[in-house]
Amino acid sequence: MTESARRQVAGRAIPVPGNDIDTDRIIPARFLKTVTNEGLGLHAFEDARKHDPEHPFNQKAYEGASVLVAGINFGCGSSREHAPESLKQWGIKAIVGASFGEIFFGNCTMLGIPCLRIDNEDVLWLQRAIGRDPKQPVTVDVEKQEVRVSDRVIKGVIPDGARNQLVSGAWNPTGVLLEAGDAIEATAKRLPYVSGF
Amino acid sequence: MPSSLLDKVWDAHTVRTLPSGSTQLLIGLHLIHEVTSPQAFQALRELKVPVRMPARTFATLDHIIPTTAQQRPFADEVAEEMTVHLTRNAQQSGVPFFGLDSGKQGIVHVIGPELGLTQPGMTIACGDSHTSTHGAVGAIAFGIGTSQVRDVLATQCLAMAKPKLRQVRVDGALARGVYAKDVILAIIRTLGVNGGVGYAYEYAGPVVDRMTMEERLTLCNMSIEGGARFGYVNPDQTTYDYLRGRPYAPQGAAFDRAVTWWQGMASDPEARYDDVKRLDGSAIPPMVTWGINPGQSVGVGERLPNPETAPEQERATYREGLAHMGFEAGQPIAGAKIDVVFIGSCTNSRISDLRVAAAVAKGNRVAKGVRAIVVPGSQQVAKVAEAEGLHEVFREAGFEWRNAGCSMCLGMNDDKLRGREMSASTSNRNFIGRQGSPTGRTLLMSPAMAAAAALNGAVTDVREMLQPTSGR
Ligand code: SF4
């Protein structure tokens with residue numbers, strides 16, 4: 001088991017209510033005008049926070065939270081990895097949601113952030129529970145595909161490929177992909193559009 | 001066993017199955033732009049790994065470049081810095097680069113097909129969610145994040161899980177004044193903005209069969225707005241006719257050999273689908289979005305829905321949409337006042353889009369107080385449009401004619417909404433803040449509808465302008 005293994009994440013949680021929260025909302029495009037990832041964490045939900053003083057990312061009670069609890073289709077839209085990167089820099093280490101935008105889900109996995117899918121009713125229950133007591137610890141168990149809070153265990157799903165990568169610590173696949181060696185060139189050569197029609 | 005294009009392309013590009021269970025998938029064509037690539041090149045430098053197959057990656061500038069004055073250095077220092085980074089990264093790694101002086105620069109999803117880089121049977125990846133566009137020629141094309149851009153640069157591969165496959169059939173025939181944009185908005189409205197999560201969409205049926213390649217590009221472009229990371233159309237004669245003679249397409253006898261291979265990659269008639277959805281194309285009207293995601297749309301003749309009667313899960317987003325837009329449930333969308341019109345983006349900035357918009361604009365005037373801009377998708381689109389005099393048609397009607405780029409689709413350059421301005425836009429996203437103003441408002445529609453909105457200063461059924469007398 002390596003240091004990078006993501007078997008579970010435990011900490012306080014922050015609810016982000018609402019469905020279809022897109023990556024433009026998580027990080028507006030003007031903050032993508034950069035050639036590095038520096039400082040992205042400062043701008044997570046920037047416009048939403050300005051518009052709504054009650055936005056969870058504005059509330060002291062949720063400072064230091066590491067588990068984000070979202071609704072349906074969280075992270076839909078743009079492929080910008082700046083979105084999960086900004087959440088990660090803000091302190092988010094795991095996300096629980098009713099469903100996720102697919103590219104966002106993949107990007108989170110690549111950054112070592114597990115995304116656990118649970119039923120929407122459970123999301124709503126969990127968001128209310130955290131709202132009542134923001135200090136209570138929440139555990140996202142990647143291996144068991146569940147989230148635990150006080151005496152409740154909520155079962156969820158992390159698809160096999162992502163889960164195996166996270167649990168084994170191989171969520172950054174560059175090394176594994178490189179291990180294929182010459183098989184990469186061999187596969188390319190079999191394609192007539194690479195070798196010439 | 002009969003198989004689908006997805007199966008065949010996936011198998012042909014599988015290097016191996018990874019320990020995690022994912023596929024190590026070879027990427028045949030990799031496209032990059034200035035926004036999602038600099039951190040990937042930086043990661044490569046840190047890993048001390050070279051670009052594995054530089055000849056299979058192509059770079060262009062689109063997201064941040066100004067569409068007005070383009071002298072270097074750009075007035076916007078960050079835009080200049082990003083341009084310098086991309087240019088240098090491409091040069092140092094041997095990646096072909098279509099810069100501003102190439103005559104081939106443009107929105108990455110416009111130039112790929114236009115140059116013939118995009119071909120049937122390929123796997124295509126790009127650090128941009130609208131990469132699904134390229135599926136129109138019969139490729140498996142999908143958006144990736146920057147860490148995956150790093151992986152493709154370093155290994156020409158990705159670790160991917162194979163999606164499920166849904167066939168989306170559009171039957172019947174489109175009415176006059178109804179375009180591919182309306183079809184995809186209708187599909188997203190029907191199947192939902194997250195209906196396609198986990199799926200690739202294979203678009204089929206008589207309406208899709210009859211579409212031109214540019215219409216298919218529009219259709220596949222917005223797959224991701226319906227949650228589907230992949231969307232494709234099987235290659236057919238329309239595809240081959242489109243590709244023949246394009247600079248990066250096979251030439252001469254090789255082209256005919258390519259066609260044979262391409263035909264073999266199309267889905268077999270008996271191919272299996274995880275499910276099939278059908279829409280009646282004849283019933284699709286010109287569509288307009290009224291809210292804050294591309295699924296919140298109505299036909300131009302309809303009224304806005306009431307959140308209280310919407311499906312329960314949708315209610316909060318409906319309310320939020322109405323509140324952001326300043327609309328009331330039950331009001332007609334026709335007549336909604338417009339401040340800005342944007343004709344452009346990887347959805348609708350190709351020559352056929354500009355021709356349709358110009359035909360509506362010709363001889364008319366943009367309404368007083370409306371700011372209207374036309375941004376061609378590429379330098380080549382601009383060249384053809386100018387040769388046809390379309391730029392003059394637009395200018396005479398009071399539209400601004402700009403240089404190629406993403407522009408007001410996402411407002412990373414100076415082309416932004418201001419304050420609460422309401423735009424009629426041919427782009428693909430009406431998300432809050434998308435067009436550069438946190439309080440700005442976006443109505444998505446076809447180029448014909450956007451041109452009509454410009455002339456009337458309000459949402460208008462373009463069919464009334466296309467056929468003032470005929471009954472058809
Ligand atoms: S035109 Fe818009 S959607 Fe298309 S690539 Fe550019 S920013 Fe993205």
# chains A, B, ... in the order shown; residues from 1 in each chain; ligands from 1
$ residues_near_ligand --ligand "ligand 1" --cutoff "8 Å" --atoms "only C-alpha atoms and all ligand atoms" --output "compact mmCIF listing (two decimals) with all heavy atoms, in the first residue's frame"
# COMPACT_ATOMS: atom_id res chain seq x y z
N SER A 78 -17.90 22.11 -18.65
CA SER A 78 -16.52 22.23 -19.14
C SER A 78 -15.58 21.21 -18.52
O SER A 78 -15.71 20.85 -17.34
CB SER A 78 -16.03 23.65 -18.85
OG SER A 78 -14.63 23.72 -18.85
N ASP B 62 -7.31 29.41 -29.54
CA ASP B 62 -8.70 29.79 -29.76
C ASP B 62 -9.36 30.48 -28.57
O ASP B 62 -9.99 31.52 -28.72
CB ASP B 62 -9.54 28.56 -30.20
CG ASP B 62 -9.36 27.34 -29.28
OD1 ASP B 62 -8.76 27.48 -28.21
OD2 ASP B 62 -9.83 26.25 -29.65
N HIS B 63 -9.15 29.96 -27.36
CA HIS B 63 -9.97 30.44 -26.24
C HIS B 63 -9.70 31.89 -25.84
O HIS B 63 -10.64 32.62 -25.53
CB HIS B 63 -9.75 29.54 -25.02
CG HIS B 63 -10.47 28.23 -25.10
ND1 HIS B 63 -10.15 27.27 -26.04
CD2 HIS B 63 -11.51 27.73 -24.39
CE1 HIS B 63 -10.97 26.24 -25.89
NE2 HIS B 63 -11.80 26.48 -24.90
N ILE B 107 -11.10 27.74 -33.90
CA ILE B 107 -11.57 26.94 -32.78
C ILE B 107 -11.20 25.49 -33.07
O ILE B 107 -11.44 24.98 -34.17
CB ILE B 107 -13.09 27.07 -32.58
CG1 ILE B 107 -13.50 28.53 -32.43
CG2 ILE B 107 -13.55 26.26 -31.36
CD1 ILE B 107 -15.00 28.76 -32.40
N VAL B 108 -10.62 24.86 -32.08
CA VAL B 108 -10.05 23.53 -32.28
C VAL B 108 -11.06 22.55 -32.88
O VAL B 108 -10.71 21.73 -33.73
CB VAL B 108 -9.44 23.05 -30.93
CG1 VAL B 108 -10.50 22.89 -29.85
CG2 VAL B 108 -8.64 21.80 -31.07
N HIS B 109 -12.33 22.68 -32.52
CA HIS B 109 -13.33 21.74 -33.04
C HIS B 109 -13.86 22.15 -34.41
O HIS B 109 -14.65 21.44 -35.01
CB HIS B 109 -14.50 21.61 -32.05
CG HIS B 109 -14.03 21.34 -30.67
ND1 HIS B 109 -13.12 20.35 -30.38
CD2 HIS B 109 -14.29 21.96 -29.49
CE1 HIS B 109 -12.86 20.38 -29.08
NE2 HIS B 109 -13.56 21.34 -28.52
N ASP B 128 -10.90 19.61 -23.77
CA ASP B 128 -12.06 20.47 -23.99
C ASP B 128 -13.29 19.58 -24.14
O ASP B 128 -13.27 18.63 -24.91
CB ASP B 128 -11.85 21.30 -25.26
CG ASP B 128 -12.89 22.39 -25.34
OD1 ASP B 128 -14.05 22.08 -25.66
OD2 ASP B 128 -12.54 23.55 -25.09
N SER B 129 -14.33 19.90 -23.40
CA SER B 129 -15.48 18.99 -23.35
C SER B 129 -16.22 18.85 -24.68
O SER B 129 -16.92 17.87 -24.89
CB SER B 129 -16.44 19.44 -22.26
OG SER B 129 -16.87 20.75 -22.51
N HIS B 130 -16.07 19.83 -25.57
CA HIS B 130 -16.80 19.75 -26.84
C HIS B 130 -16.07 18.95 -27.90
O HIS B 130 -16.43 19.00 -29.08
CB HIS B 130 -17.17 21.15 -27.33
CG HIS B 130 -18.16 21.77 -26.40
ND1 HIS B 130 -17.80 22.69 -25.46
CD2 HIS B 130 -19.48 21.52 -26.21
CE1 HIS B 130 -18.87 23.02 -24.74
NE2 HIS B 130 -19.89 22.32 -25.16
N GLY B 344 -21.45 32.52 -33.31
CA GLY B 344 -20.12 31.93 -33.30
C GLY B 344 -20.08 30.69 -32.46
O GLY B 344 -21.11 30.07 -32.20
N SER B 345 -18.88 30.28 -32.05
CA SER B 345 -18.59 29.11 -31.20
C SER B 345 -18.46 27.82 -32.00
O SER B 345 -18.91 27.73 -33.14
CB SER B 345 -19.63 28.89 -30.10
OG SER B 345 -20.67 28.06 -30.56
N CYS B 346 -17.89 26.81 -31.35
CA CYS B 346 -17.67 25.53 -32.03
C CYS B 346 -18.98 24.84 -32.38
O CYS B 346 -18.98 23.88 -33.14
CB CYS B 346 -16.80 24.62 -31.17
SG CYS B 346 -17.45 24.34 -29.51
N THR B 347 -20.09 25.33 -31.86
CA THR B 347 -21.38 24.75 -32.22
C THR B 347 -21.86 25.28 -33.57
O THR B 347 -22.35 24.52 -34.40
CB THR B 347 -22.45 25.10 -31.15
OG1 THR B 347 -21.89 24.90 -29.87
CG2 THR B 347 -23.69 24.25 -31.30
N GLY B 377 -15.59 30.61 -37.12
CA GLY B 377 -14.93 29.58 -36.32
C GLY B 377 -13.47 29.40 -36.62
O GLY B 377 -12.72 28.87 -35.80
N GLY B 405 -12.19 32.78 -33.30
CA GLY B 405 -11.85 32.42 -31.92
C GLY B 405 -13.10 32.02 -31.15
O GLY B 405 -14.20 32.04 -31.69
N CYS B 406 -12.89 31.68 -29.89
CA CYS B 406 -14.03 31.25 -29.05
C CYS B 406 -14.88 32.44 -28.61
O CYS B 406 -16.08 32.33 -28.41
CB CYS B 406 -13.52 30.52 -27.81
SG CYS B 406 -12.74 28.95 -28.20
N SER B 407 -14.21 33.56 -28.37
CA SER B 407 -14.90 34.82 -28.16
C SER B 407 -15.94 34.76 -27.05
O SER B 407 -15.67 34.28 -25.95
CB SER B 407 -15.53 35.25 -29.50
OG SER B 407 -16.23 36.46 -29.41
N MET B 408 -17.13 35.23 -27.35
CA MET B 408 -18.14 35.41 -26.31
C MET B 408 -18.82 34.10 -25.89
O MET B 408 -19.72 34.11 -25.05
CB MET B 408 -19.19 36.40 -26.77
CG MET B 408 -19.87 37.10 -25.60
SD MET B 408 -21.25 38.09 -26.10
CE MET B 408 -20.43 39.60 -26.59
N CYS B 409 -18.35 32.98 -26.44
CA CYS B 409 -18.86 31.70 -25.94
C CYS B 409 -18.49 31.55 -24.47
O CYS B 409 -19.28 31.04 -23.69
CB CYS B 409 -18.29 30.55 -26.74
SG CYS B 409 -18.75 28.95 -26.08
N LEU B 410 -17.29 32.00 -24.11
CA LEU B 410 -16.91 31.90 -22.70
C LEU B 410 -16.25 33.15 -22.15
O LEU B 410 -15.84 33.17 -20.99
CB LEU B 410 -16.05 30.66 -22.44
CG LEU B 410 -14.52 30.73 -22.57
CD1 LEU B 410 -13.89 29.49 -22.01
CD2 LEU B 410 -14.10 31.01 -23.96
N SER B 427 -24.00 29.68 -29.18
CA SER B 427 -23.04 28.81 -28.51
C SER B 427 -23.77 27.66 -27.80
O SER B 427 -24.94 27.39 -28.10
CB SER B 427 -22.18 29.62 -27.54
OG SER B 427 -23.00 30.35 -26.64
N ASN B 428 -23.13 27.02 -26.86
CA ASN B 428 -23.67 25.78 -26.32
C ASN B 428 -23.97 25.81 -24.83
O ASN B 428 -24.48 24.84 -24.27
CB ASN B 428 -22.70 24.64 -26.63
CG ASN B 428 -21.26 25.07 -26.38
OD1 ASN B 428 -20.96 25.64 -25.33
ND2 ASN B 428 -20.39 24.84 -27.33
N ARG B 429 -23.60 26.87 -24.14
CA ARG B 429 -23.80 26.89 -22.69
C ARG B 429 -24.43 28.18 -22.23
O ARG B 429 -23.95 29.28 -22.54
CB ARG B 429 -22.46 26.68 -21.97
CG ARG B 429 -22.02 25.26 -22.09
CD ARG B 429 -20.83 24.92 -21.24
NE ARG B 429 -20.65 23.47 -21.33
CZ ARG B 429 -19.48 22.86 -21.45
NH1 ARG B 429 -18.37 23.56 -21.43
NH2 ARG B 429 -19.43 21.56 -21.54
$ residues_around --residues "Met213 in chain B" --least-positions-apart "4" --cutoff "10 Å" --atoms "only C-alpha atoms" --output "mmCIF file with N, CA, C and O atoms, in the first residue's frame"
data_model
loop_
_atom_site.group_PDB
_atom_site.id
_atom_site.type_symbol
_atom_site.label_atom_id
_atom_site.label_comp_id
_atom_site.auth_asym_id
_atom_site.auth_seq_id
_atom_site.Cartn_x
_atom_site.Cartn_y
_atom_site.Cartn_z
ATOM 1 N N PRO B 113 -11.986 18.993 -38.182
ATOM 2 C CA PRO B 113 -12.695 18.459 -39.351
ATOM 3 C C PRO B 113 -12.348 19.208 -40.635
ATOM 4 O O PRO B 113 -12.167 18.595 -41.688
ATOM 5 N N ALA B 136 -18.834 13.467 -35.276
ATOM 6 C CA ALA B 136 -19.693 13.617 -36.456
ATOM 7 C C ALA B 136 -19.168 12.866 -37.663
ATOM 8 O O ALA B 136 -19.940 12.452 -38.519
ATOM 9 N N VAL B 137 -17.855 12.675 -37.738
ATOM 10 C CA VAL B 137 -17.308 11.952 -38.888
ATOM 11 C C VAL B 137 -17.225 10.448 -38.620
ATOM 12 O O VAL B 137 -16.751 9.690 -39.465
ATOM 13 N N VAL B 208 -30.860 12.407 -39.262
ATOM 14 C CA VAL B 208 -29.399 12.450 -39.144
ATOM 15 C C VAL B 208 -28.757 12.011 -40.455
ATOM 16 O O VAL B 208 -27.768 12.604 -40.910
ATOM 17 N N ASP B 209 -29.336 10.993 -41.083
ATOM 18 C CA ASP B 209 -28.804 10.520 -42.368
ATOM 19 C C ASP B 209 -28.778 11.642 -43.401
ATOM 20 O O ASP B 209 -27.865 11.740 -44.200
ATOM 21 N N LEU B 217 -21.833 17.999 -37.181
ATOM 22 C CA LEU B 217 -20.856 18.550 -36.228
ATOM 23 C C LEU B 217 -21.581 19.331 -35.132
ATOM 24 O O LEU B 217 -21.248 19.221 -33.952
ATOM 25 N N THR B 218 -22.576 20.092 -35.507
ATOM 26 C CA THR B 218 -23.375 20.834 -34.525
ATOM 27 C C THR B 218 -24.078 19.873 -33.567
ATOM 28 O O THR B 218 -24.103 20.069 -32.352
ATOM 29 N N LEU B 219 -24.625 18.815 -34.149
ATOM 30 C CA LEU B 219 -25.362 17.817 -33.362
ATOM 31 C C LEU B 219 -24.448 17.162 -32.318
ATOM 32 O O LEU B 219 -24.758 17.122 -31.121
ATOM 33 N N VAL B 233 -21.784 9.882 -35.301
ATOM 34 C CA VAL B 233 -22.652 9.475 -36.403
ATOM 35 C C VAL B 233 -21.832 8.496 -37.231
ATOM 36 O O VAL B 233 -20.638 8.731 -37.468
ATOM 37 N N PRO B 235 -20.053 6.790 -40.253
ATOM 38 C CA PRO B 235 -19.593 7.386 -41.511
ATOM 39 C C PRO B 235 -20.414 6.864 -42.687
ATOM 40 O O PRO B 235 -20.811 5.701 -42.710
ATOM 41 N N THR B 238 -21.849 10.963 -47.163
ATOM 42 C CA THR B 238 -21.735 12.382 -46.783
ATOM 43 C C THR B 238 -20.369 12.648 -46.143
ATOM 44 O O THR B 238 -19.718 13.661 -46.413
ATOM 45 N N THR B 239 -19.938 11.703 -45.298
ATOM 46 C CA THR B 239 -18.649 11.829 -44.616
ATOM 47 C C THR B 239 -17.505 11.797 -45.622
ATOM 48 O O THR B 239 -16.584 12.633 -45.565
ATOM 49 N N TYR B 240 -17.555 10.816 -46.522
ATOM 50 C CA TYR B 240 -16.443 10.655 -47.465
ATOM 51 C C TYR B 240 -16.374 11.857 -48.415
ATOM 52 O O TYR B 240 -15.294 12.365 -48.701
ATOM 53 N N ASP B 241 -17.546 12.321 -48.851
ATOM 54 C CA ASP B 241 -17.557 13.486 -49.744
ATOM 55 C C ASP B 241 -16.987 14.713 -49.039
ATOM 56 O O ASP B 241 -16.307 15.538 -49.646
ATOM 57 N N TYR B 242 -17.293 14.823 -47.757
ATOM 58 C CA TYR B 242 -16.790 15.967 -46.983
ATOM 59 C C TYR B 242 -15.270 15.912 -46.859
ATOM 60 O O TYR B 242 -14.576 16.915 -46.982
ATOM 61 N N LEU B 243 -14.743 14.718 -46.613
ATOM 62 C CA LEU B 243 -13.305 14.594 -46.323
ATOM 63 C C LEU B 243 -12.422 14.642 -47.574
ATOM 64 O O LEU B 243 -11.265 15.042 -47.492
#
$ residues_around --residues "range 169-183 of chain A" --least-positions-apart "5" --cutoff "9 Å" --atoms "only C-alpha atoms" --output "NGL selection string"
(:A and (1-7 or 109-112 or 162-164 or 188)) or (:B and (15-16 or 18-20 or 24 or 147-148 or 150-152 or 154-159))
$ select_by_dssp --residues "range 18-57 of chain B" --states "alpha helix (DSSP H)" --output "ChimeraX atom specification"
/B:38-47
$ write_last_selection --atoms "N, CA, C and O atoms" --output "short mmCIF file (atom, residue, chain, number, x, y, z; two decimals), in the first residue's frame"
data_model
loop_
_atom_site.label_atom_id
_atom_site.label_comp_id
_atom_site.auth_asym_id
_atom_site.auth_seq_id
_atom_site.Cartn_x
_atom_site.Cartn_y
_atom_site.Cartn_z
N PRO B 38 -0.88 24.20 -20.80
CA PRO B 38 0.40 24.62 -20.20
C PRO B 38 0.79 23.80 -18.97
O PRO B 38 1.96 23.41 -18.83
N GLN B 39 -0.17 23.51 -18.09
CA GLN B 39 0.16 22.73 -16.89
C GLN B 39 0.56 21.31 -17.26
O GLN B 39 1.36 20.68 -16.55
N ALA B 40 0.02 20.79 -18.37
CA ALA B 40 0.37 19.43 -18.80
C ALA B 40 1.82 19.39 -19.29
O ALA B 40 2.58 18.48 -18.97
N PHE B 41 2.21 20.40 -20.08
CA PHE B 41 3.61 20.45 -20.54
C PHE B 41 4.56 20.63 -19.35
O PHE B 41 5.64 20.04 -19.32
N GLN B 42 4.12 21.42 -18.38
CA GLN B 42 4.93 21.62 -17.18
C GLN B 42 5.13 20.28 -16.45
O GLN B 42 6.24 19.95 -16.02
N ALA B 43 4.05 19.51 -16.37
CA ALA B 43 4.14 18.21 -15.69
C ALA B 43 5.12 17.29 -16.43
O ALA B 43 5.89 16.56 -15.81
N LEU B 44 5.11 17.36 -17.76
CA LEU B 44 6.02 16.54 -18.55
C LEU B 44 7.49 16.90 -18.27
O LEU B 44 8.35 16.04 -18.15
N ARG B 45 7.70 18.20 -18.15
CA ARG B 45 9.07 18.65 -17.84
C ARG B 45 9.49 18.13 -16.47
O ARG B 45 10.62 17.68 -16.29
N GLU B 46 8.55 18.17 -15.52
CA GLU B 46 8.89 17.68 -14.19
C GLU B 46 9.16 16.17 -14.19
O GLU B 46 10.02 15.69 -13.47
N LEU B 47 8.40 15.46 -15.03
CA LEU B 47 8.59 14.00 -15.13
C LEU B 47 9.82 13.64 -15.97
O LEU B 47 10.22 12.49 -16.01
#
$ residues_around --residues "Leu304 in chain B" --least-positions-apart "3" --cutoff "9 Å" --atoms "only C-alpha atoms" --output "list of chain:residue names"
B:Trp290, B:Ser297, B:Val298, B:Leu322, B:Phe327, B:Glu328, B:Ala329, B:Gly330, B:Gln331, B:Pro332, B:Ile333
$ closest_residue --among "B:Val393, B:Ala452, B:Ala372, B:Glu400" --to "Met422 in chain B" --atoms "only C-alpha atoms"
B:Ala372
$ residues_around --residues "Ala98 in chain A" --least-positions-apart "3" --cutoff "7 Å" --atoms "only C-alpha atoms" --output "PyMOL selection string"
chain A and resi 70-72+117-120+123
$ write_last_selection --atoms "C-alpha atoms" --output "tab-separated table (two decimals), in the first residue's frame"
chain	number	residue	atom	x	y	z
A	70	ALA	CA	-23.37	17.78	-3.67
A	71	GLY	CA	-26.60	17.01	-5.53
A	72	ILE	CA	-27.34	15.69	-9.01
A	117	ARG	CA	-22.37	8.41	-5.67
A	118	ILE	CA	-25.28	7.97	-3.26
A	119	ASP	CA	-29.06	8.27	-3.63
A	120	ASN	CA	-30.40	11.79	-3.88
A	123	VAL	CA	-27.74	13.48	-0.23
$ closest_atom_pairs --of "range 23-125 of chain A" --to "range 180-197 of chain B" --cutoff "9 Å" --atoms "only C-alpha atoms" --output "JSON lines"
{"residue": "A:Ile72", "atom": "CA", "partner": "B:Asn194", "partner_atom": "CA", "distance": 8.3}
{"residue": "A:Asn73", "atom": "CA", "partner": "B:Asn194", "partner_atom": "CA", "distance": 6.2}
{"residue": "A:Cys76", "atom": "CA", "partner": "B:Asn194", "partner_atom": "CA", "distance": 8.1}
{"residue": "A:Ser99", "atom": "CA", "partner": "B:Asn194", "partner_atom": "CA", "distance": 8.5}
{"residue": "A:Phe100", "atom": "CA", "partner": "B:Val197", "partner_atom": "CA", "distance": 8.1}
{"residue": "A:Gly101", "atom": "CA", "partner": "B:Val197", "partner_atom": "CA", "distance": 6.9}
{"residue": "A:Glu102", "atom": "CA", "partner": "B:Val197", "partner_atom": "CA", "distance": 6.2}
$ write_last_selection --atoms "C-alpha atoms" --output "PDB file, in the first residue's frame"
ATOM      1  CA  ILE A  72     -27.336  15.691  -9.009  1.00  0.00           C
ATOM      2  CA  ASN A  73     -24.912  16.143 -11.925  1.00  0.00           C
ATOM      3  CA  CYS A  76     -21.223  19.063 -15.405  1.00  0.00           C
ATOM      4  CA  SER A  99     -24.303  12.018  -9.649  1.00  0.00           C
ATOM      5  CA  PHE A 100     -21.348  13.681 -11.328  1.00  0.00           C
ATOM      6  CA  GLY A 101     -20.436  15.161 -14.671  1.00  0.00           C
ATOM      7  CA  GLU A 102     -18.357  12.460 -16.280  1.00  0.00           C
TER       8      GLU A 102
END
$ residues_around --residues "Thr123 in chain B" --least-positions-apart "3" --cutoff "12 Å" --atoms "only C-alpha atoms" --output "ChimeraX atom specification"
/A:188,191,193-194 /B:5-14,25-31,56,117-120,126,131-132,134-135,137-143,152,156-158,160,230,232
$ residues_around --residues "Asn58 in chain A" --least-positions-apart "6" --cutoff "10 Å" --atoms "only C-alpha atoms" --output "compact mmCIF listing (two decimals) with all heavy atoms, in the first residue's frame"
# COMPACT_ATOMS: atom_id res chain seq x y z
N PHE A 45 -15.86 28.80 -6.45
CA PHE A 45 -17.23 29.36 -6.33
C PHE A 45 -17.22 30.88 -6.18
O PHE A 45 -18.14 31.45 -5.58
CB PHE A 45 -17.97 28.73 -5.14
CG PHE A 45 -18.38 27.31 -5.37
CD1 PHE A 45 -17.79 26.27 -4.65
CD2 PHE A 45 -19.37 27.00 -6.28
CE1 PHE A 45 -18.17 24.95 -4.86
CE2 PHE A 45 -19.76 25.68 -6.50
CZ PHE A 45 -19.15 24.65 -5.78
N GLU A 46 -16.23 31.55 -6.74
CA GLU A 46 -16.09 32.98 -6.50
C GLU A 46 -17.37 33.79 -6.77
O GLU A 46 -17.83 34.56 -5.93
CB GLU A 46 -14.93 33.54 -7.34
CG GLU A 46 -14.87 35.05 -7.29
CD GLU A 46 -13.51 35.58 -6.88
OE1 GLU A 46 -12.74 34.82 -6.25
OE2 GLU A 46 -13.24 36.74 -7.19
N ALA A 48 -20.48 32.76 -7.27
CA ALA A 48 -21.62 32.28 -6.47
C ALA A 48 -21.52 32.83 -5.05
O ALA A 48 -22.53 33.19 -4.43
CB ALA A 48 -21.65 30.76 -6.46
N ARG A 49 -20.32 32.93 -4.54
CA ARG A 49 -20.12 33.45 -3.18
C ARG A 49 -20.42 34.94 -3.09
O ARG A 49 -20.98 35.42 -2.11
CB ARG A 49 -18.68 33.19 -2.73
CG ARG A 49 -18.37 31.74 -2.56
CD ARG A 49 -16.89 31.50 -2.39
NE ARG A 49 -16.39 32.08 -1.14
CZ ARG A 49 -15.14 31.95 -0.73
NH1 ARG A 49 -14.28 31.28 -1.46
NH2 ARG A 49 -14.77 32.48 0.40
N LYS A 50 -20.02 35.66 -4.15
CA LYS A 50 -20.30 37.10 -4.17
C LYS A 50 -21.79 37.35 -4.24
O LYS A 50 -22.32 38.27 -3.63
CB LYS A 50 -19.62 37.74 -5.39
CG LYS A 50 -18.18 38.11 -5.11
CD LYS A 50 -17.70 39.18 -6.08
CE LYS A 50 -16.20 39.36 -5.94
NZ LYS A 50 -15.50 39.13 -7.21
N ASP A 52 -24.19 35.36 -3.26
CA ASP A 52 -24.96 34.83 -2.14
C ASP A 52 -24.09 34.77 -0.88
O ASP A 52 -23.28 33.86 -0.71
CB ASP A 52 -25.44 33.41 -2.51
CG ASP A 52 -26.15 32.73 -1.34
OD1 ASP A 52 -26.49 33.43 -0.37
OD2 ASP A 52 -26.34 31.50 -1.42
$ closest_residue --among "A:Val147, A:Cys108, A:Ile26, A:Leu116" --to "Arg434 in chain B" --atoms "only C-alpha atoms"
A:Ile26
$ closest_residue --among "A:Val142, A:Ile103, A:Val9, A:Leu126" --to "chain B" --atoms "only C-alpha atoms"
A:Ile103
$ atom_distance --atom1 "CA of Ile343 in chain B" --atom2 "CA of Leu174 in chain B"
22.0 Å
$ select_by_dssp --residues "range 126-304 of chain B" --states "strand (DSSP E)" --output "number ranges by chain"
B: 126, 140-143, 157-160, 164-171, 199-204, 230-233, 275-280, 287-289, 297-299
$ write_last_selection --atoms "C-alpha atoms" --output "short mmCIF file (atom, residue, chain, number, x, y, z; two decimals), in the first residue's frame"
data_model
loop_
_atom_site.label_atom_id
_atom_site.label_comp_id
_atom_site.auth_asym_id
_atom_site.auth_seq_id
_atom_site.Cartn_x
_atom_site.Cartn_y
_atom_site.Cartn_z
CA CYS B 126 -8.68 17.18 -26.49
CA ILE B 140 -14.76 8.20 -30.81
CA ALA B 141 -13.94 11.70 -29.62
CA PHE B 142 -14.08 12.99 -26.08
CA GLY B 143 -13.03 15.77 -23.76
CA CYS B 157 -2.70 6.70 -24.26
CA LEU B 158 -5.41 7.15 -21.68
CA ALA B 159 -6.77 4.95 -18.95
CA MET B 160 -10.45 4.83 -19.89
CA LYS B 164 -22.39 2.17 -22.59
CA LEU B 165 -23.98 2.85 -25.96
CA ARG B 166 -27.31 4.51 -26.62
CA GLN B 167 -28.74 5.02 -30.07
CA VAL B 168 -30.64 8.28 -30.40
CA ARG B 169 -32.87 8.06 -33.47
CA VAL B 170 -34.42 11.12 -35.02
CA ASP B 171 -37.23 10.10 -37.34
CA TYR B 199 -23.11 6.71 -22.36
CA ALA B 200 -21.85 7.33 -25.82
CA TYR B 201 -24.64 8.57 -28.09
CA GLU B 202 -24.90 7.15 -31.59
CA TYR B 203 -27.12 9.53 -33.55
CA ALA B 204 -29.11 7.86 -36.29
CA PHE B 230 -19.07 10.86 -26.61
CA GLY B 231 -21.45 11.33 -29.52
CA TYR B 232 -21.03 10.06 -33.05
CA VAL B 233 -22.65 9.47 -36.40
CA ASP B 275 -30.84 1.28 -25.20
CA VAL B 276 -32.52 3.19 -27.99
CA LYS B 277 -34.37 6.50 -27.75
CA ARG B 278 -36.51 7.96 -30.49
CA LEU B 279 -37.55 11.50 -31.31
CA ASP B 280 -39.93 12.68 -33.99
CA MET B 287 -35.78 25.94 -29.84
CA VAL B 288 -34.70 28.59 -27.34
CA THR B 289 -33.28 28.06 -23.88
CA SER B 297 -35.48 25.06 -23.35
CA VAL B 298 -38.81 25.51 -25.09
CA GLY B 299 -40.04 25.75 -28.64
#
